[in-house]
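Below: data13.tsv (TSV, C-alpha atoms)
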```tsv
chain	number	residue	atom	x	y	z
A	2	MET	CA	-21.91	-28.16	-26.78
A	3	THR	CA	-20.27	-30.57	-24.33
A	4	ASP	CA	-19.99	-30.04	-20.58
A	5	THR	CA	-16.21	-29.83	-21.02
A	6	ASN	CA	-16.59	-26.93	-23.44
A	7	LYS	CA	-19.00	-25.20	-21.07
A	8	LYS	CA	-16.55	-25.63	-18.20
A	9	ASP	CA	-13.72	-24.18	-20.28
A	10	GLN	CA	-15.92	-21.24	-21.31
A	11	LEU	CA	-16.81	-20.67	-17.67
A	12	TYR	CA	-13.12	-20.76	-16.73
A	13	THR	CA	-12.37	-18.13	-19.40
A	14	LEU	CA	-15.12	-15.84	-18.08
A	15	ILE	CA	-13.78	-16.16	-14.53
A	16	ARG	CA	-10.23	-15.51	-15.72
A	17	ASN	CA	-11.39	-12.30	-17.40
A	18	ASN	CA	-13.37	-11.23	-14.30
A	19	PRO	CA	-12.52	-13.18	-11.12
A	20	PHE	CA	-15.35	-11.41	-9.26
A	21	ILE	CA	-18.19	-12.33	-11.63
A	22	SER	CA	-21.25	-13.74	-9.85
A	23	GLN	CA	-22.63	-17.23	-10.41
A	24	GLN	CA	-25.87	-15.68	-11.70
A	25	ASP	CA	-23.96	-13.69	-14.33
A	26	LEU	CA	-22.04	-16.83	-15.31
A	27	ALA	CA	-25.31	-18.75	-15.65
A	28	SER	CA	-26.87	-16.03	-17.82
A	29	GLU	CA	-23.79	-15.72	-20.02
A	30	LEU	CA	-23.56	-19.46	-20.67
A	31	GLY	CA	-27.26	-20.35	-20.71
A	32	LEU	CA	-26.88	-22.67	-17.72
A	33	SER	CA	-28.67	-23.07	-14.41
A	34	ARG	CA	-26.93	-21.79	-11.29
A	35	SER	CA	-26.65	-25.37	-10.04
A	36	ALA	CA	-24.84	-26.35	-13.23
A	37	VAL	CA	-22.47	-23.37	-12.81
A	38	ALA	CA	-21.83	-24.41	-9.20
A	39	GLY	CA	-21.03	-27.93	-10.38
A	40	HIS	CA	-18.51	-26.71	-12.96
A	41	ILE	CA	-16.87	-24.43	-10.37
A	42	ALA	CA	-16.58	-27.37	-7.97
A	43	GLY	CA	-14.88	-29.33	-10.76
A	44	LEU	CA	-12.41	-26.50	-11.45
A	45	ILE	CA	-11.57	-26.34	-7.75
A	46	ARG	CA	-10.95	-30.09	-7.63
A	47	GLU	CA	-8.65	-29.70	-10.65
A	48	ARG	CA	-6.82	-26.84	-8.82
A	49	ARG	CA	-7.58	-24.49	-11.70
A	50	LEU	CA	-9.38	-22.34	-9.12
A	51	LEU	CA	-8.58	-21.87	-5.45
A	52	GLY	CA	-11.77	-21.75	-3.39
A	53	ARG	CA	-15.07	-19.90	-3.44
A	54	ALA	CA	-13.66	-16.51	-4.47
A	55	TYR	CA	-12.56	-17.95	-7.83
A	56	VAL	CA	-8.91	-17.29	-7.01
A	57	LEU	CA	-6.68	-18.21	-9.93
A	58	PRO	CA	-3.50	-19.89	-8.64
A	59	ASP	CA	-1.21	-17.71	-10.79
A	60	SER	CA	-2.86	-14.35	-10.15
A	61	ARG	CA	-3.43	-13.68	-6.44
A	62	PRO	CA	-2.84	-9.93	-6.22
A	63	VAL	CA	-1.59	-7.54	-3.61
A	64	LEU	CA	-4.73	-5.58	-2.66
A	65	CYS	CA	-4.19	-1.90	-1.86
A	66	ILE	CA	-6.96	-0.04	-0.02
A	67	GLY	CA	-6.72	3.73	0.30
A	68	ALA	CA	-6.38	7.05	-1.46
A	69	ALA	CA	-6.11	7.86	-5.16
A	70	ASN	CA	-5.74	11.62	-5.54
A	71	LEU	CA	-4.90	14.31	-7.99
A	72	ASP	CA	-1.68	15.73	-6.53
A	73	ARG	CA	-0.65	19.33	-7.08
A	74	LYS	CA	3.01	20.05	-6.42
A	75	MET	CA	4.23	23.65	-6.15
A	76	ARG	CA	7.97	24.17	-5.87
A	77	THR	CA	9.28	27.59	-4.89
A	78	LEU	CA	11.93	29.13	-7.11
A	79	ALA	CA	13.64	30.81	-4.14
A	80	THR	CA	13.46	30.72	-0.35
A	81	LEU	CA	9.83	30.80	0.77
A	82	GLN	CA	8.66	34.09	2.25
A	83	MET	CA	5.54	33.87	4.42
A	84	GLY	CA	2.78	36.44	4.11
A	85	THR	CA	3.47	37.31	0.48
A	86	SER	CA	3.26	35.86	-3.02
A	87	ASN	CA	6.03	33.44	-3.98
A	88	PRO	CA	6.97	32.48	-7.55
A	89	VAL	CA	6.65	28.70	-8.02
A	90	ARG	CA	6.81	25.99	-10.64
A	91	SER	CA	3.71	23.78	-10.44
A	92	GLU	CA	2.50	20.47	-11.84
A	93	GLU	CA	-0.39	18.08	-11.43
A	94	VAL	CA	0.25	14.34	-11.10
A	95	PHE	CA	-1.60	11.25	-9.96
A	96	GLY	CA	-1.04	10.43	-6.29
A	97	GLY	CA	-2.52	9.08	-3.08
A	98	VAL	CA	-0.65	6.65	-0.83
A	99	GLY	CA	-2.69	3.57	-1.78
A	100	ARG	CA	-2.56	4.44	-5.49
A	101	ASN	CA	1.17	5.22	-5.41
A	102	ILE	CA	1.95	1.89	-3.74
A	103	ALA	CA	-0.25	0.11	-6.29
A	104	GLU	CA	1.48	1.77	-9.27
A	105	ASN	CA	4.93	0.93	-7.92
A	106	LEU	CA	3.86	-2.69	-7.49
A	107	ALA	CA	2.41	-2.79	-11.01
A	108	ARG	CA	5.68	-1.43	-12.39
A	109	LEU	CA	7.45	-4.21	-10.47
A	110	SER	CA	5.25	-6.68	-12.39
A	111	ILE	CA	3.18	-8.34	-9.71
A	112	PRO	CA	-0.63	-8.46	-9.89
A	113	VAL	CA	-2.18	-5.61	-7.93
A	114	ALA	CA	-5.69	-4.33	-7.27
A	115	LEU	CA	-6.86	-1.06	-5.72
A	116	LEU	CA	-9.96	-0.33	-3.69
A	117	THR	CA	-10.45	3.42	-3.53
A	118	ALA	CA	-13.15	6.07	-3.90
A	119	LEU	CA	-13.37	8.24	-7.03
A	120	GLY	CA	-15.57	11.22	-7.81
A	121	ASP	CA	-17.54	11.62	-11.00
A	122	ASP	CA	-15.32	14.48	-12.18
A	123	ALA	CA	-12.59	14.70	-14.80
A	124	ALA	CA	-9.94	13.87	-12.18
A	125	GLY	CA	-11.77	10.68	-11.21
A	126	HIS	CA	-12.04	9.52	-14.81
A	127	ALA	CA	-8.36	10.32	-15.39
A	128	LEU	CA	-7.30	8.47	-12.24
A	129	GLN	CA	-9.29	5.41	-13.30
A	130	THR	CA	-7.85	5.39	-16.84
A	131	HIS	CA	-4.27	5.96	-15.70
A	132	ALA	CA	-4.47	3.19	-13.10
A	133	GLU	CA	-5.92	0.69	-15.55
A	134	ASP	CA	-3.30	1.59	-18.15
A	135	ALA	CA	-0.63	0.99	-15.50
A	136	GLY	CA	-2.00	-2.52	-14.93
A	137	ILE	CA	-3.92	-1.90	-11.68
A	138	ASP	CA	-7.22	-3.76	-11.27
A	139	MET	CA	-9.78	-1.08	-10.35
A	140	ARG	CA	-12.95	-3.16	-10.66
A	141	GLY	CA	-13.82	-3.04	-6.96
A	142	SER	CA	-13.40	0.72	-6.47
A	143	LEU	CA	-16.25	2.95	-5.35
A	144	HIS	CA	-17.59	5.58	-7.79
A	145	LEU	CA	-19.44	8.45	-6.12
A	146	SER	CA	-21.92	10.73	-7.86
A	147	ASN	CA	-21.88	14.50	-7.32
A	148	THR	CA	-18.55	14.21	-5.54
A	149	SER	CA	-15.11	15.62	-6.30
A	150	SER	CA	-12.14	13.29	-6.33
A	151	GLY	CA	-9.48	13.59	-3.65
A	152	THR	CA	-6.77	16.21	-3.99
A	153	TYR	CA	-3.43	16.73	-2.27
A	154	THR	CA	-1.47	19.97	-2.59
A	155	ALA	CA	2.19	20.06	-1.56
A	156	VAL	CA	4.40	23.14	-1.30
A	157	LEU	CA	8.08	22.26	-1.76
A	158	ASP	CA	11.11	24.47	-1.20
A	159	GLU	CA	13.69	25.13	-3.90
A	160	HIS	CA	15.54	21.93	-2.89
A	161	GLY	CA	12.47	19.72	-3.23
A	162	GLU	CA	11.82	19.34	0.51
A	163	MET	CA	8.17	19.58	1.59
A	164	LEU	CA	7.23	22.72	3.50
A	165	LEU	CA	3.48	22.24	3.72
A	166	ALA	CA	0.83	19.86	2.41
A	167	MET	CA	-2.96	20.16	2.31
A	168	ALA	CA	-5.34	17.27	1.72
A	169	ASN	CA	-8.99	17.31	0.60
A	170	MET	CA	-9.95	13.68	1.11
A	171	GLN	CA	-13.36	13.54	2.76
A	172	LEU	CA	-14.66	11.13	0.12
A	173	TYR	CA	-12.59	8.30	1.63
A	174	GLU	CA	-15.01	8.35	4.57
A	175	GLN	CA	-17.26	6.40	2.16
A	176	LEU	CA	-14.85	3.44	2.33
A	177	THR	CA	-16.89	2.18	5.28
A	178	PRO	CA	-16.88	-1.23	6.99
A	179	ALA	CA	-20.04	-2.01	4.97
A	180	PHE	CA	-18.19	-1.21	1.73
A	181	LEU	CA	-15.26	-3.40	2.76
A	182	HIS	CA	-17.67	-6.22	3.59
A	183	SER	CA	-19.23	-5.88	0.13
A	184	ARG	CA	-15.78	-6.44	-1.38
A	185	GLN	CA	-15.08	-9.59	0.61
A	186	PRO	CA	-14.53	-11.73	-2.54
A	187	GLN	CA	-11.76	-9.38	-3.74
A	188	ARG	CA	-10.24	-9.26	-0.28
A	189	ALA	CA	-10.31	-13.03	0.09
A	190	ALA	CA	-8.54	-13.36	-3.26
A	191	ALA	CA	-5.55	-11.24	-2.17
A	192	ALA	CA	-2.12	-12.61	-1.30
A	193	LEU	CA	-1.43	-9.49	0.80
A	194	THR	CA	-3.59	-6.53	1.87
A	195	VAL	CA	-2.05	-3.05	2.18
A	196	CYS	CA	-4.20	-0.37	3.80
A	197	ASP	CA	-3.32	3.31	4.16
A	198	LEU	CA	-4.65	5.42	7.00
A	199	ASN	CA	-6.81	7.58	4.77
A	200	LEU	CA	-9.41	4.98	5.75
A	201	GLY	CA	-11.42	5.92	8.81
A	202	HIS	CA	-10.93	4.40	12.25
A	203	ASP	CA	-13.93	2.06	12.00
A	204	SER	CA	-12.83	0.71	8.62
A	205	VAL	CA	-9.28	0.03	9.85
A	206	GLN	CA	-10.82	-1.61	12.91
A	207	ALA	CA	-12.89	-3.84	10.63
A	208	LEU	CA	-9.81	-4.95	8.67
A	209	LEU	CA	-8.00	-5.77	11.92
A	210	ALA	CA	-11.01	-7.69	13.23
A	211	ASP	CA	-11.09	-9.79	10.07
A	212	ALA	CA	-7.35	-10.45	10.39
A	213	ARG	CA	-7.81	-11.57	14.01
A	214	GLN	CA	-10.80	-13.78	13.28
A	215	ASP	CA	-8.82	-16.45	11.46
A	216	ALA	CA	-5.24	-15.51	12.23
A	217	ALA	CA	-3.79	-18.77	10.90
A	218	HIS	CA	-5.34	-18.39	7.44
A	219	ALA	CA	-6.11	-14.68	7.08
A	220	THR	CA	-4.47	-12.64	4.33
A	221	PRO	CA	-1.51	-10.78	5.92
A	222	LEU	CA	-2.42	-7.14	6.64
A	223	VAL	CA	0.06	-4.27	6.25
A	224	ILE	CA	-0.94	-0.77	7.40
A	225	VAL	CA	0.91	2.28	6.06
A	226	ALA	CA	0.60	5.57	7.95
A	227	VAL	CA	0.06	8.72	5.89
A	228	SER	CA	0.40	11.65	8.31
A	229	GLN	CA	0.53	12.52	11.99
A	230	PRO	CA	-3.10	13.80	12.15
A	231	LYS	CA	-4.38	10.57	10.58
A	232	MET	CA	-2.68	8.42	13.20
A	233	ALA	CA	-6.01	8.92	15.01
A	234	HIS	CA	-7.45	6.42	12.48
A	235	LEU	CA	-5.25	3.65	13.91
A	236	PRO	CA	-7.04	1.64	16.65
A	237	GLN	CA	-5.34	1.08	19.97
A	238	ASP	CA	-5.51	-2.71	19.70
A	239	LEU	CA	-3.34	-3.81	16.76
A	240	THR	CA	-3.72	-7.55	17.28
A	241	GLY	CA	-3.85	-9.26	13.89
A	242	LEU	CA	-1.62	-6.69	12.17
A	243	HIS	CA	1.26	-8.27	10.28
A	244	LEU	CA	3.26	-5.07	9.74
A	245	LEU	CA	2.97	-1.35	10.51
A	246	ILE	CA	5.02	1.08	8.39
A	247	LEU	CA	5.27	4.66	9.66
A	248	ASN	CA	7.78	7.50	9.97
A	249	ARG	CA	9.36	8.82	13.15
A	250	GLY	CA	6.91	11.72	13.52
A	251	GLU	CA	3.97	9.34	13.17
A	252	LEU	CA	5.52	7.01	15.73
A	253	GLU	CA	5.90	9.96	18.11
A	254	THR	CA	2.20	10.69	17.66
A	255	ARG	CA	1.35	7.04	18.34
A	256	VAL	CA	3.28	6.86	21.62
A	257	ALA	CA	2.52	10.50	22.57
A	258	ARG	CA	6.11	11.57	23.21
A	259	ALA	CA	9.18	12.87	21.39
A	260	LEU	CA	11.72	10.29	20.18
A	261	PRO	CA	14.98	12.24	19.82
A	262	THR	CA	17.34	9.25	20.06
A	263	ALA	CA	17.70	5.83	18.50
A	264	PHE	CA	17.23	4.22	21.92
A	265	GLU	CA	13.83	5.86	22.28
A	266	VAL	CA	12.79	4.88	18.73
A	267	ARG	CA	13.63	1.27	19.53
A	268	ALA	CA	11.66	1.41	22.78
A	269	ALA	CA	8.66	2.88	20.95
A	270	CYS	CA	8.80	0.06	18.37
A	271	ARG	CA	8.54	-2.50	21.16
A	272	GLU	CA	5.66	-0.55	22.67
A	273	VAL	CA	3.76	-0.78	19.37
A	274	GLN	CA	4.49	-4.50	19.27
A	275	ARG	CA	2.98	-4.82	22.75
A	276	GLN	CA	-0.15	-3.18	21.31
A	277	GLY	CA	-0.47	-6.15	18.95
A	278	ALA	CA	1.51	-5.34	15.80
A	279	ARG	CA	3.61	-8.32	14.81
A	280	GLN	CA	6.37	-6.20	13.22
A	281	VAL	CA	7.14	-2.50	12.81
A	282	ILE	CA	9.19	-0.43	10.34
A	283	VAL	CA	10.05	3.20	11.13
A	284	THR	CA	11.42	5.41	8.36
A	285	CYS	CA	13.58	8.35	9.45
A	286	GLY	CA	14.36	10.11	6.15
A	287	GLY	CA	18.08	10.63	5.75
A	288	GLU	CA	18.68	8.80	9.03
A	289	GLY	CA	17.59	5.48	7.47
A	290	VAL	CA	15.10	2.99	8.86
A	291	TYR	CA	14.54	0.93	11.99
A	292	PHE	CA	12.75	-2.39	11.91
A	293	THR	CA	11.85	-5.12	14.37
A	294	ASP	CA	13.90	-8.19	13.49
A	295	GLY	CA	11.29	-10.72	14.61
A	296	ASP	CA	7.86	-10.66	16.21
A	297	SER	CA	8.91	-11.34	19.80
A	298	LEU	CA	9.38	-8.48	22.25
A	299	ASP	CA	12.99	-9.45	22.91
A	300	ALA	CA	13.92	-9.42	19.21
A	301	PRO	CA	16.38	-6.66	18.27
A	302	VAL	CA	15.30	-3.44	16.57
A	303	VAL	CA	17.78	-3.07	13.70
A	304	HIS	CA	18.93	0.08	11.91
A	305	LEU	CA	19.79	0.42	8.22
A	306	ALA	CA	21.38	3.61	6.89
A	307	ALA	CA	19.72	5.55	4.08
A	308	ARG	CA	21.38	5.59	0.69
A	309	GLU	CA	23.15	8.82	-0.23
A	310	VAL	CA	21.29	10.44	-3.11
A	311	ASP	CA	20.91	13.84	-4.72
A	312	ALA	CA	17.23	14.33	-4.03
A	313	VAL	CA	15.17	15.97	-6.76
A	314	ASP	CA	11.76	15.61	-5.10
A	315	VAL	CA	10.81	13.79	-1.88
A	316	THR	CA	7.19	13.23	-2.92
A	317	GLY	CA	6.38	9.53	-3.21
A	318	ALA	CA	9.63	8.21	-1.73
A	319	GLY	CA	7.92	6.80	1.34
A	320	ASP	CA	5.27	5.14	-0.82
A	321	ALA	CA	7.98	3.57	-2.99
A	322	PHE	CA	9.67	2.26	0.15
A	323	SER	CA	6.40	0.70	1.33
A	324	ALA	CA	5.74	-0.80	-2.11
A	325	ALA	CA	9.16	-2.45	-2.21
A	326	VAL	CA	8.65	-3.87	1.29
A	327	CYS	CA	5.31	-5.32	0.19
A	328	TRP	CA	6.87	-6.70	-3.01
A	329	SER	CA	9.51	-8.37	-0.88
A	330	LEU	CA	6.95	-9.82	1.55
A	331	TYR	CA	5.05	-11.16	-1.45
A	332	HIS	CA	8.17	-13.06	-2.55
A	333	ASP	CA	10.24	-13.55	0.65
A	334	SER	CA	7.80	-13.25	3.53
A	335	SER	CA	10.17	-14.01	6.40
A	336	ASP	CA	13.06	-11.62	5.66
A	337	LEU	CA	12.22	-8.10	6.83
A	338	LYS	CA	15.83	-6.93	6.56
A	339	LEU	CA	15.88	-7.77	2.86
A	340	ALA	CA	12.49	-6.06	2.51
A	341	CYS	CA	13.87	-2.86	4.05
A	342	ARG	CA	16.98	-2.96	1.88
A	343	ARG	CA	14.76	-3.24	-1.17
A	344	GLY	CA	12.65	-0.40	0.19
A	345	LEU	CA	15.67	1.85	0.56
A	346	LYS	CA	16.68	1.15	-3.03
A	347	LEU	CA	13.26	1.99	-4.47
A	348	ALA	CA	12.99	5.09	-2.27
A	349	ALA	CA	16.39	6.28	-3.57
A	350	MET	CA	15.26	5.78	-7.17
A	351	THR	CA	12.16	7.86	-6.43
A	352	LEU	CA	14.10	10.63	-4.67
A	353	GLU	CA	16.28	10.98	-7.77
A	354	SER	CA	13.22	11.43	-9.98
A	355	ALA	CA	10.91	14.42	-10.42
A	356	ALA	CA	7.98	11.97	-10.72
A	357	THR	CA	5.93	10.71	-7.77
A	358	VAL	CA	6.43	7.17	-9.14
A	359	SER	CA	9.80	6.91	-10.87
A	360	PRO	CA	9.56	5.87	-14.54
A	361	GLN	CA	12.82	3.96	-13.99
A	362	ILE	CA	11.03	1.41	-11.80
A	363	SER	CA	10.32	-1.80	-13.70
A	364	ALA	CA	10.40	-5.57	-13.36
A	365	GLY	CA	13.84	-6.61	-12.14
A	366	ALA	CA	14.56	-3.34	-10.31
A	367	LEU	CA	14.79	-5.19	-6.99
A	368	ASP	CA	16.45	-8.37	-8.19
A	369	ASN	CA	19.94	-7.26	-7.20
A	370	ILE	CA	20.54	-5.39	-3.95
A	371	ASP	CA	24.05	-4.07	-3.44
A	372	ASP	CA	25.69	-3.01	-0.18
A	373	ALA	CA	24.98	0.72	-0.53
A	374	ASP	CA	22.46	0.57	2.30
A	375	LEU	CA	24.78	-1.34	4.63
A	376	ALA	CA	27.27	1.50	5.08
A	377	PRO	CA	27.79	2.75	8.66
A	378	PRO	CA	25.25	5.44	9.63
A	379	PRO	CA	26.49	9.03	9.60
A	380	PRO	CA	27.58	10.38	13.01
A	381	THR	CA	24.51	12.52	13.65
A	382	LEU	CA	23.08	13.56	17.01
A	383	PHE	CA	20.00	11.41	16.43
A	384	GLN	CA	22.09	8.23	16.04
A	385	GLN	CA	23.94	8.66	19.30
A	386	ASP	CA	22.33	7.20	22.40
```

Render the structure in this file as C-alpha cells.
Amino acid sequence: MTDTNKKDQLYTLIRNNPFISQQDLASELGLSRSAVAGHIAGLIRERRLLGRAYVLPDSRPVLCIGAANLDRKMRTLATLQMGTSNPVRSEEVFGGVGRNIAENLARLSIPVALLTALGDDAAGHALQTHAEDAGIDMRGSLHLSNTSSGTYTAVLDEHGEMLLAMANMQLYEQLTPAFLHSRQPQRAAAALTVCDLNLGHDSVQALLADARQDAAHATPLVIVAVSQPKMAHLPQDLTGLHLLILNRGELETRVARALPTAFEVRAACREVQRQGARQVIVTCGGEGVYFTDGDSLDAPVVHLAAREVDAVDVTGAGDAFSAAVCWSLYHDSSDLKLACRRGLKLAAMTLESAATVSPQISAGALDNIDDADLAPPPPTLFQQD
C-alpha cells in the first residue's frame, strides 16, 4: 500500500475520532509513531488538519462544559398550599444547563461537544444515548462508577412559573482542573467554550487562567450562571472572560446588593467589566435583557425588551437564550445586539413549548430576526430610573 493511501486512511481515522492518539493510529495502520507523525505533518501542511489537536477545518465545535441531569418537573394543578399534599402533574426530561445549551446548538446544526460527568446508572446511560442521538459529541465526558447521575427537581405553579427547585449535583465536583487538563486536545479544538457554573470554583479558575495565558489566540470563553448559590463558583478576577451571561438575581449576588432599577443594573454591569469580564449580558425575564455594547467601560449598556409570549413552561428558556447567543457569536462574533435578539427569539420559542428544549428549534430558526424584540419596553417600575 502506498504512503498516499496510508495518509488517506489516517485522515479517515482522525475524521471519525479527532481525539485518537498517535499510538492508536500507529497500531491501527501498522505504522511506526514516527511515520504517523510524518503523515500528520503532511496533512497540516495541506491544511486538511489544523494543528496538533487534529482540528478539522470544517468541524471546530462549540464545547460545552457543565451539567447533564435528569430533570423532574412537577406542576401544581391549583394554587400551591404549603404544609400539605398538593396534586401535581409530573414528568421526567433530560436537562442540565450545559446539556441544554448543547442540545439547542445541535438542533441549530452547528458541531457541538459536551464535557460532563455521568453516573453508571440508568439515567446516565439514557443521558449519553439521548445526547449522541441529538448529535452531541460525548466522547470526552467523565463516567463515574458507583455514582448516581445528577438530578434537578423543579416545582412549578399552575401557570408554569417556577416556585422551587432542588439540585443533586455533587458528581460535578469531579470535573476538576486535572480532568480539564486531561481534555486539553478537545478544548484546543473548540471554536468557542461555554462553561456553566455547576463546575467548582477551582475548575472555573483554571479555565480563566488558560484563557488569560494566551489571550490573543485562546478559544473565547463564555460563562453561564446557573443559580444564585452557585455564583460562589465564579472567581473574583474575571480577566480572560469573553462573556458572562447571568440573570438579575445572580448579578445582585455578584455585586452583593439589590438592583431594583435599570440604572443600578447598568452600573453593576460596568462593575463586572471592571472585574475583568470583557462583556456582560443580564437577563431579566419579562423585563428583557441588558447587555454591554462594547468591551470598554464607557460603552453603553443597552436594553432590549422581551417578546410577548403565552408561556407554557419557563424551564430551559434561559438555556435557549444562552445557546442562541453562542450560536450568534460562532457566526457573527462582534455583534452582541444581534446575539441578544437571537437569544430572545429562541427563549420565546422555548417558553411557548412544554419541552425543556423546544422541538420547533432547527437549522434556520435564527436566520431571520424580526422587530418583535425592538418594541418599546413596558412602563414597569423596574424600567423607570

Enumerate, as an mmCIF file with C-alpha atoms, in the frame of the given file, the protein, DNA and RNA residues whose atoms approach (8.3, 7.2, 3.2) to within 9 Å, taking into account only C-alpha atoms and the coordinate frame of the file.
```
data_model
loop_
_atom_site.group_PDB
_atom_site.id
_atom_site.type_symbol
_atom_site.label_atom_id
_atom_site.label_comp_id
_atom_site.auth_asym_id
_atom_site.auth_seq_id
_atom_site.Cartn_x
_atom_site.Cartn_y
_atom_site.Cartn_z
ATOM 1 C CA VAL A 227 0.060 8.720 5.890
ATOM 2 C CA ILE A 246 5.020 1.080 8.390
ATOM 3 C CA LEU A 247 5.270 4.660 9.660
ATOM 4 C CA ASN A 248 7.780 7.500 9.970
ATOM 5 C CA THR A 284 11.420 5.410 8.360
ATOM 6 C CA CYS A 285 13.580 8.350 9.450
ATOM 7 C CA GLY A 286 14.360 10.110 6.150
ATOM 8 C CA VAL A 315 10.810 13.790 -1.880
ATOM 9 C CA THR A 316 7.190 13.230 -2.920
ATOM 10 C CA GLY A 317 6.380 9.530 -3.210
ATOM 11 C CA ALA A 318 9.630 8.210 -1.730
ATOM 12 C CA GLY A 319 7.920 6.800 1.340
ATOM 13 C CA ASP A 320 5.270 5.140 -0.820
ATOM 14 C CA ALA A 321 7.980 3.570 -2.990
ATOM 15 C CA PHE A 322 9.670 2.260 0.150
ATOM 16 C CA SER A 323 6.400 0.700 1.330
ATOM 17 C CA ALA A 348 12.990 5.090 -2.270
#
```

Surrounding residues of Ala257 (chain A) excluding itself and chain neighbours under 3 positions, 12 Å, only C-alpha atoms, as a PDB file with C-alpha atoms, keeping the file's coordinate frame:
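New file around06.pdb:
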```
ATOM      1  CA  GLN A 229       0.530  12.520  11.990  1.00  0.00           C
ATOM      2  CA  MET A 232      -2.680   8.420  13.200  1.00  0.00           C
ATOM      3  CA  ALA A 233      -6.010   8.920  15.010  1.00  0.00           C
ATOM      4  CA  ARG A 249       9.360   8.820  13.150  1.00  0.00           C
ATOM      5  CA  GLY A 250       6.910  11.720  13.520  1.00  0.00           C
ATOM      6  CA  GLU A 251       3.970   9.340  13.170  1.00  0.00           C
ATOM      7  CA  LEU A 252       5.520   7.010  15.730  1.00  0.00           C
ATOM      8  CA  GLU A 253       5.900   9.960  18.110  1.00  0.00           C
ATOM      9  CA  THR A 254       2.200  10.690  17.660  1.00  0.00           C
ATOM     10  CA  LEU A 260      11.720  10.290  20.180  1.00  0.00           C
ATOM     11  CA  ALA A 269       8.660   2.880  20.950  1.00  0.00           C
ATOM     12  CA  GLU A 272       5.660  -0.550  22.670  1.00  0.00           C
ATOM     13  CA  VAL A 273       3.760  -0.780  19.370  1.00  0.00           C
TER      14      VAL A 273
END
```

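Here the question is which of A:Glu288, A:Gly151, A:Tyr12, A:Gly67 gets nearest to Ala226 (chain A) using all atoms listed in the file, and that residue is A:Gly67.
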
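The two atoms in question, CA of Met75 (chain A) and CA of Val156 (chain A), are spaced 4.9 Å apart.
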
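You can rank A:Ala179, A:Asp9, A:Ala300, A:Glu29 by their closest distance to Leu44 (chain A) using all atoms listed in the file, and at the top of that list sits A:Asp9.
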
If you take only C-alpha atoms and a cut-off of 10 Å, which residues of region 264-347 of chain A touch region 110-120 of chain A, and what are their nearest atom pairs and distances in Å to one decimal, in chain and number order, as a Markdown table?
```
| residue | atom | partner | partner_atom | distance |
| --- | --- | --- | --- | --- |
| A:Trp328 | CA | A:Ile111 | CA | 7.8 |
| A:Tyr331 | CA | A:Ile111 | CA | 8.9 |
| A:His332 | CA | A:Ile111 | CA | 9.9 |
```

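Rounded to one decimal, CA of Met163 (chain A) and CA of His304 (chain A) lie 24.5 Å from each other.
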
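With distances restricted to all atoms listed in the file, A:Ala155 is the closest residue to Thr77 (chain A) from A:Ala155, A:Ile45, A:Leu11, A:Leu109.
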
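What separates CA of Glu159 (chain A) from CA of Gly287 (chain A) is a distance of 18.0 Å.
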
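Closest to Ala124 (chain A) among A:Lys8, A:Arg73, A:His243, A:Arg16 is A:Arg73, based on only C-alpha atoms.
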
Could you tell me which of A:Cys341, A:Val290, A:Ile224, A:Leu200 comes closest to Leu176 (chain A) if we count all atoms listed in the file? A:Leu200

Check which residues of region 5-78 of chain A sit at most 12 Å from region 129-134 of chain A using all atoms listed in the file, and return one row each with the closest pair of atoms and their distance in Å to one decimal, ordered by chain and rising number, as JSON lines.
```
{"residue": "A:Ala69", "atom": "CA", "partner": "A:Gln129", "partner_atom": "CA", "distance": 9.1}
{"residue": "A:Asn70", "atom": "CA", "partner": "A:Gln129", "partner_atom": "CA", "distance": 10.6}
{"residue": "A:Leu71", "atom": "CA", "partner": "A:Gln129", "partner_atom": "CA", "distance": 11.3}
```

Using only C-alpha atoms, find all polymer residues with an atom at most 10 Å away from the point (-20.4, -10.3, -7.8); report them as a PyMOL selection string. chain A and resi 18-25+54+141+183-187

Please provide as JSON, numbers by chain all residues within 9 Å of Leu347 (chain A), with the sequence filter that same-chain residues fewer than 5 positions apart are discarded (counting all atoms listed in the file). {"A": [318, 321, 322, 324, 325, 342, 352, 359, 362, 366, 367]}

Extract, using all atoms listed in the file, all DNA, RNA and protein residues at most 9 Å from Asp299 (chain A), discarding same-chain residues fewer than 3 positions from it, and format them as a ChimeraX atom specification. /A:271,295-296

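Candidate residues A:Ile282, A:Leu145, A:Ala340, A:Val63 were compared for distance to Val303 (chain A), and the nearest is A:Ile282, using only C-alpha atoms.
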
Box centre and edge lengths (Å, one decimal), axis-aligned, region 175-185 of chain A plus 8 Å each side, as JSON:
```
{"center_x": -17.4, "center_y": -1.6, "center_z": 2.8, "size_x": 21.2, "size_y": 32.0, "size_z": 24.4}
```

Near-Leu244 (chain A) list (12 Å; all atoms listed in the file; drop same-chain fewer than 4 positions) as a PyMOL selection string: chain A and resi 193-196+209+212+221-226+239-240+270+273-274+277-283+292-296+323+326-327+330+334-335+337+340

Hey, could you patch up region 104-109 of chain A with N, CA and C atoms and hand it over as an mmCIF file, in the coordinates of the input?
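For reference, part-v9.cif as written:
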```
data_model
loop_
_atom_site.group_PDB
_atom_site.id
_atom_site.type_symbol
_atom_site.label_atom_id
_atom_site.label_comp_id
_atom_site.auth_asym_id
_atom_site.auth_seq_id
_atom_site.Cartn_x
_atom_site.Cartn_y
_atom_site.Cartn_z
ATOM 1 N N GLU A 104 0.772 1.552 -7.998
ATOM 2 C CA GLU A 104 1.480 1.770 -9.270
ATOM 3 C C GLU A 104 2.910 1.257 -9.193
ATOM 4 N N ASN A 105 3.579 1.487 -8.071
ATOM 5 C CA ASN A 105 4.930 0.930 -7.920
ATOM 6 C C ASN A 105 4.915 -0.583 -8.050
ATOM 7 N N LEU A 106 3.942 -1.235 -7.423
ATOM 8 C CA LEU A 106 3.860 -2.690 -7.490
ATOM 9 C C LEU A 106 3.573 -3.154 -8.917
ATOM 10 N N ALA A 107 2.693 -2.435 -9.618
ATOM 11 C CA ALA A 107 2.410 -2.790 -11.010
ATOM 12 C C ALA A 107 3.652 -2.654 -11.866
ATOM 13 N N ARG A 108 4.439 -1.607 -11.631
ATOM 14 C CA ARG A 108 5.680 -1.430 -12.390
ATOM 15 C C ARG A 108 6.683 -2.546 -12.074
ATOM 16 N N LEU A 109 6.577 -3.109 -10.859
ATOM 17 C CA LEU A 109 7.450 -4.210 -10.470
ATOM 18 C C LEU A 109 6.915 -5.565 -10.950
#
```
